Amino acid sequence: MSEGDRFVYVTYIRTTPEKLWDALIKPEFTRQYWAGTWQESEWTKGASWRIMIPDGRVGDSGKVLEIDPPRLLVLSWRNEFVPEMRAEGYSRATFRLEQQGDVMKLSLTHEIDKKGSKLIEAVSGGWPMILASLKSLLETGESLEATRKWPEGI
Amino acid sequence: MGNGDRFVYVTFIRTTPEKLWYALTKPEFTRKYWFGSSLDSTWGPGASWQLKTPDGGLTDSGKVVEIDRPRRLVLSWKHERFPEMRDDENASATFELEPQGDVVKFTVTHESDKKDSKLIKGVSGGWPIILASLKSLLETGDSIERTRSFPKGI
């Protein structure tokens, strides 16, 4: 996908591989830092995957392309609730977890094989806050307030 | 600087703009999260600044181009330590602090007028852990362990 758009974000979280993995995929955690949303999947290679919005809409969906707990998760990813983003088809999100001393290095790459992607533009604005809130949740027990609910009017 | 390289990092820290500003501009704070280094200046417009390792070695220096406490700081940036990163004569770092509810949105933009800048490549690898450690320090009182001293062998 080297010809398309790509968003890369790296952060470091003082936690364990298992806790970070659980926080990335389990609804009771994602609801706290990912705008009130949760994911539904069997979490096996090839399984379908989707993000549920609290009002019942599906936010994004795709398949689990690769999964190696607690190190690697690759998802195909299509937006489902904004028509112009849905029309872009499938992007790919890669989460890499790497233990480094007292912290986990979390690297996220979200990419698509087209230029000028509205989806990548949108997620580039969203991921920094979601991942900052995830870090706060794991390090302090409390996520960032603005990320606990789905934003009004979206 | 629209044609050169640029690194942008956004994070959200549960703190106040004043505390974040303090942590950014006081050597006793920067030493805790910036690999033991001291960022020092009189912080007036046009003043010089230096970033020094714990043993006093100069790694980076420049001038205060803009300062609007506690909202915005622009530094001209010249690397001094590694020969391959020293030929970037027109680089700058911009720090923007914006309160949003219980957090401060913190944006760091490090840019050069050069393409394929070794300086921007270098700082792109460093900023994520420095800023993650700064967030940990302000939210939990403890920075990330390996950012408290200068890496051995560099």
# chains A, B, ... in the order shown; residues from 1 in each chain; ligands from 1
$ interface_residues --of "chain A" --to "chain B" --cutoff "8 Å" --atoms "only C-alpha atoms" --output "list in words"
Val10, Thr11, Tyr12, Ile13, Arg14, Gly101, Asp102, Val103, Pro128, Met129, Ala132, Ser133, Ser136, Glu139, Thr140, Leu144, Glu145 and Ala146 of chain A
$ write_last_selection --atoms "C-alpha atoms" --output "PDB file, in the first residue's frame"
ATOM      1  CA  VAL A  10       3.675   5.489  18.194  1.00  0.00           C
ATOM      2  CA  THR A  11       3.162   5.719  21.923  1.00  0.00           C
ATOM      3  CA  TYR A  12       4.591   4.118  25.050  1.00  0.00           C
ATOM      4  CA  ILE A  13       2.358   2.883  27.864  1.00  0.00           C
ATOM      5  CA  ARG A  14       3.402   1.703  31.309  1.00  0.00           C
ATOM      6  CA  GLY A 101      11.556  -2.348  29.900  1.00  0.00           C
ATOM      7  CA  ASP A 102       8.756  -0.980  32.063  1.00  0.00           C
ATOM      8  CA  VAL A 103       6.636   0.084  29.087  1.00  0.00           C
ATOM      9  CA  PRO A 128      -4.196  10.604  18.851  1.00  0.00           C
ATOM     10  CA  MET A 129      -6.983  11.295  21.344  1.00  0.00           C
ATOM     11  CA  ALA A 132      -3.857   9.212  24.646  1.00  0.00           C
ATOM     12  CA  SER A 133      -6.994   8.181  26.517  1.00  0.00           C
ATOM     13  CA  SER A 136      -4.333   7.448  30.665  1.00  0.00           C
ATOM     14  CA  GLU A 139      -1.637   4.255  33.736  1.00  0.00           C
ATOM     15  CA  THR A 140      -4.098   6.103  35.990  1.00  0.00           C
ATOM     16  CA  LEU A 144      -9.977  11.142  29.235  1.00  0.00           C
ATOM     17  CA  GLU A 145     -13.466  12.498  29.764  1.00  0.00           C
ATOM     18  CA  ALA A 146     -14.143  13.521  26.153  1.00  0.00           C
TER      19      ALA A 146
END
$ residues_around --residues "stretch 63-69 of chain A" --least-positions-apart "2" --cutoff "6 Å" --atoms "only C-alpha atoms" --output "PyMOL selection string"
chain A and resi 45-49+71-76
$ closest_residue --among "B:Ser92, B:Ser37, B:Ser112, B:Thr30" --to "B:Val64" --atoms "only C-alpha atoms"
B:Ser92
$ residues_around --residues "stretch 25-31 of chain A" --least-positions-apart "2" --cutoff "10 Å" --atoms "only C-alpha atoms" --output "PDB file with N, CA and C atoms, in the first residue's frame"
ATOM      1  N   LEU A  20      -2.547  -4.500  27.821  1.00  0.00           N
ATOM      2  CA  LEU A  20      -2.724  -3.651  26.640  1.00  0.00           C
ATOM      3  C   LEU A  20      -3.569  -4.377  25.588  1.00  0.00           C
ATOM      4  N   TRP A  21      -3.298  -5.655  25.406  1.00  0.00           N
ATOM      5  CA  TRP A  21      -4.067  -6.436  24.433  1.00  0.00           C
ATOM      6  C   TRP A  21      -5.555  -6.448  24.799  1.00  0.00           C
ATOM      7  N   ASP A  22      -5.839  -6.733  26.077  1.00  0.00           N
ATOM      8  CA  ASP A  22      -7.239  -6.751  26.526  1.00  0.00           C
ATOM      9  C   ASP A  22      -7.896  -5.386  26.325  1.00  0.00           C
ATOM     10  N   ALA A  23      -7.136  -4.341  26.633  1.00  0.00           N
ATOM     11  CA  ALA A  23      -7.707  -2.994  26.519  1.00  0.00           C
ATOM     12  C   ALA A  23      -8.026  -2.647  25.060  1.00  0.00           C
ATOM     13  N   TYR A  33     -12.518   4.465  26.523  1.00  0.00           N
ATOM     14  CA  TYR A  33     -11.580   5.397  25.892  1.00  0.00           C
ATOM     15  C   TYR A  33     -11.809   5.583  24.393  1.00  0.00           C
ATOM     16  N   TRP A  34     -12.717   4.832  23.803  1.00  0.00           N
ATOM     17  CA  TRP A  34     -12.917   4.845  22.356  1.00  0.00           C
ATOM     18  C   TRP A  34     -14.317   5.348  22.042  1.00  0.00           C
ATOM     19  N   ALA A  35     -14.630   6.505  22.588  1.00  0.00           N
ATOM     20  CA  ALA A  35     -15.891   7.194  22.287  1.00  0.00           C
ATOM     21  C   ALA A  35     -17.115   6.337  22.585  1.00  0.00           C
ATOM     22  N   GLY A  36     -17.026   5.522  23.626  1.00  0.00           N
ATOM     23  CA  GLY A  36     -18.176   4.711  24.025  1.00  0.00           C
ATOM     24  C   GLY A  36     -18.438   3.496  23.156  1.00  0.00           C
ATOM     25  N   THR A  37     -17.581   3.258  22.162  1.00  0.00           N
ATOM     26  CA  THR A  37     -17.810   2.152  21.222  1.00  0.00           C
ATOM     27  C   THR A  37     -17.237   0.837  21.758  1.00  0.00           C
ATOM     28  N   TRP A  38     -17.667  -0.248  21.109  1.00  0.00           N
ATOM     29  CA  TRP A  38     -17.051  -1.544  21.401  1.00  0.00           C
ATOM     30  C   TRP A  38     -16.953  -2.351  20.118  1.00  0.00           C
ATOM     31  N   GLN A  39     -16.096  -3.350  20.128  1.00  0.00           N
ATOM     32  CA  GLN A  39     -15.892  -4.171  18.945  1.00  0.00           C
ATOM     33  C   GLN A  39     -16.511  -5.545  19.151  1.00  0.00           C
ATOM     34  N   GLU A  40     -17.026  -6.102  18.060  1.00  0.00           N
ATOM     35  CA  GLU A  40     -17.545  -7.457  18.081  1.00  0.00           C
ATOM     36  C   GLU A  40     -16.739  -8.297  17.104  1.00  0.00           C
ATOM     37  N   SER A  41     -16.153  -9.391  17.604  1.00  0.00           N
ATOM     38  CA  SER A  41     -15.384 -10.305  16.751  1.00  0.00           C
ATOM     39  C   SER A  41     -15.102 -11.579  17.530  1.00  0.00           C
ATOM     40  N   TRP A  43     -12.223 -12.801  17.064  1.00  0.00           N
ATOM     41  CA  TRP A  43     -10.780 -12.570  17.216  1.00  0.00           C
ATOM     42  C   TRP A  43      -9.946 -13.785  16.805  1.00  0.00           C
ATOM     43  N   ILE A  51     -17.086  -2.381  14.664  1.00  0.00           N
ATOM     44  CA  ILE A  51     -17.166  -1.454  15.786  1.00  0.00           C
ATOM     45  C   ILE A  51     -18.612  -1.005  15.919  1.00  0.00           C
ATOM     46  N   MET A  52     -19.167  -1.149  17.124  1.00  0.00           N
ATOM     47  CA  MET A  52     -20.540  -0.737  17.388  1.00  0.00           C
ATOM     48  C   MET A  52     -20.563   0.628  18.057  1.00  0.00           C
ATOM     49  N   ILE A  53     -21.426   1.502  17.528  1.00  0.00           N
ATOM     50  CA  ILE A  53     -21.663   2.816  18.122  1.00  0.00           C
ATOM     51  C   ILE A  53     -22.765   2.646  19.167  1.00  0.00           C
ATOM     52  N   PRO A  54     -22.681   3.386  20.306  1.00  0.00           N
ATOM     53  CA  PRO A  54     -23.678   3.183  21.372  1.00  0.00           C
ATOM     54  C   PRO A  54     -25.130   3.278  20.907  1.00  0.00           C
ATOM     55  N   LEU A  73      -1.943  -7.326  15.673  1.00  0.00           N
ATOM     56  CA  LEU A  73      -3.323  -7.407  15.205  1.00  0.00           C
ATOM     57  C   LEU A  73      -3.425  -6.581  13.934  1.00  0.00           C
ATOM     58  N   ILE A 130      -7.788   9.003  21.052  1.00  0.00           N
ATOM     59  CA  ILE A 130      -8.164   7.671  21.524  1.00  0.00           C
ATOM     60  C   ILE A 130      -6.966   6.995  22.202  1.00  0.00           C
ATOM     61  N   LEU A 134      -6.389   5.873  26.039  1.00  0.00           N
ATOM     62  CA  LEU A 134      -6.012   4.495  26.385  1.00  0.00           C
ATOM     63  C   LEU A 134      -4.812   4.486  27.337  1.00  0.00           C
ATOM     64  N   LEU A 137      -5.961   5.644  30.731  1.00  0.00           N
ATOM     65  CA  LEU A 137      -6.751   4.593  31.387  1.00  0.00           C
ATOM     66  C   LEU A 137      -5.841   3.543  32.015  1.00  0.00           C
ATOM     67  N   LEU A 138      -4.847   3.084  31.254  1.00  0.00           N
ATOM     68  CA  LEU A 138      -3.987   2.016  31.751  1.00  0.00           C
ATOM     69  C   LEU A 138      -3.020   2.504  32.828  1.00  0.00           C
ATOM     70  N   SER A 143      -9.818   7.108  31.952  1.00  0.00           N
ATOM     71  CA  SER A 143      -9.670   7.586  30.583  1.00  0.00           C
ATOM     72  C   SER A 143      -9.937   9.093  30.549  1.00  0.00           C
ATOM     73  N   THR A 147     -13.529  11.189  25.720  1.00  0.00           N
ATOM     74  CA  THR A 147     -13.520   9.946  24.937  1.00  0.00           C
ATOM     75  C   THR A 147     -14.470   8.892  25.504  1.00  0.00           C
ATOM     76  N   ARG A 148     -15.207   9.228  26.566  1.00  0.00           N
ATOM     77  CA  ARG A 148     -16.055   8.208  27.216  1.00  0.00           C
ATOM     78  C   ARG A 148     -17.413   8.074  26.558  1.00  0.00           C
ATOM     79  N   LYS A 149     -17.764   9.049  25.720  1.00  0.00           N
ATOM     80  CA  LYS A 149     -19.078   9.028  25.063  1.00  0.00           C
ATOM     81  C   LYS A 149     -18.921   9.308  23.586  1.00  0.00           C
ATOM     82  N   TRP A 150     -19.867   8.781  22.803  1.00  0.00           N
ATOM     83  CA  TRP A 150     -19.899   9.115  21.381  1.00  0.00           C
ATOM     84  C   TRP A 150     -20.199  10.616  21.234  1.00  0.00           C
TER      85      TRP A 150
END
$ select_by_dssp --residues "stretch 38-114 of chain B" --states "strand (DSSP E or B)" --output "PyMOL selection string"
chain B and resi 38-41+48-52+58-68+72-79+91-100+103-112
$ residues_around --residues "B:Gly44" --least-positions-apart "3" --cutoff "9 Å" --atoms "only C-alpha atoms" --output "list in words"
Ser41, Ala47, Ser48, Val64, Glu66 and Ile67 of chain B
$ closest_residue --among "A:Ala93, A:Val123, A:Val58, A:Leu131" --to "A:Glu111" --atoms "only C-alpha atoms"
A:Ala93
$ closest_residue --among "B:Thr147, B:Leu137, B:Lys118, B:Lys63" --to "B:Thr15" --atoms "only C-alpha atoms"
B:Leu137
$ residues_around --residues "stretch 4-9 of chain A" --least-positions-apart "4" --cutoff "6 Å" --atoms "only C-alpha atoms" --output "ChimeraX atom specification"
/A:107-115
$ atom_distance --atom1 "atom CA of B:Asp60" --atom2 "atom CA of B:Lys78"
5.6 Å
$ select_by_dssp --residues "chain B" --states "helix (DSSP H, G or I)" --output "PyMOL selection string"
chain B and resi 17-25+27-33+83-85+118-140+145-147
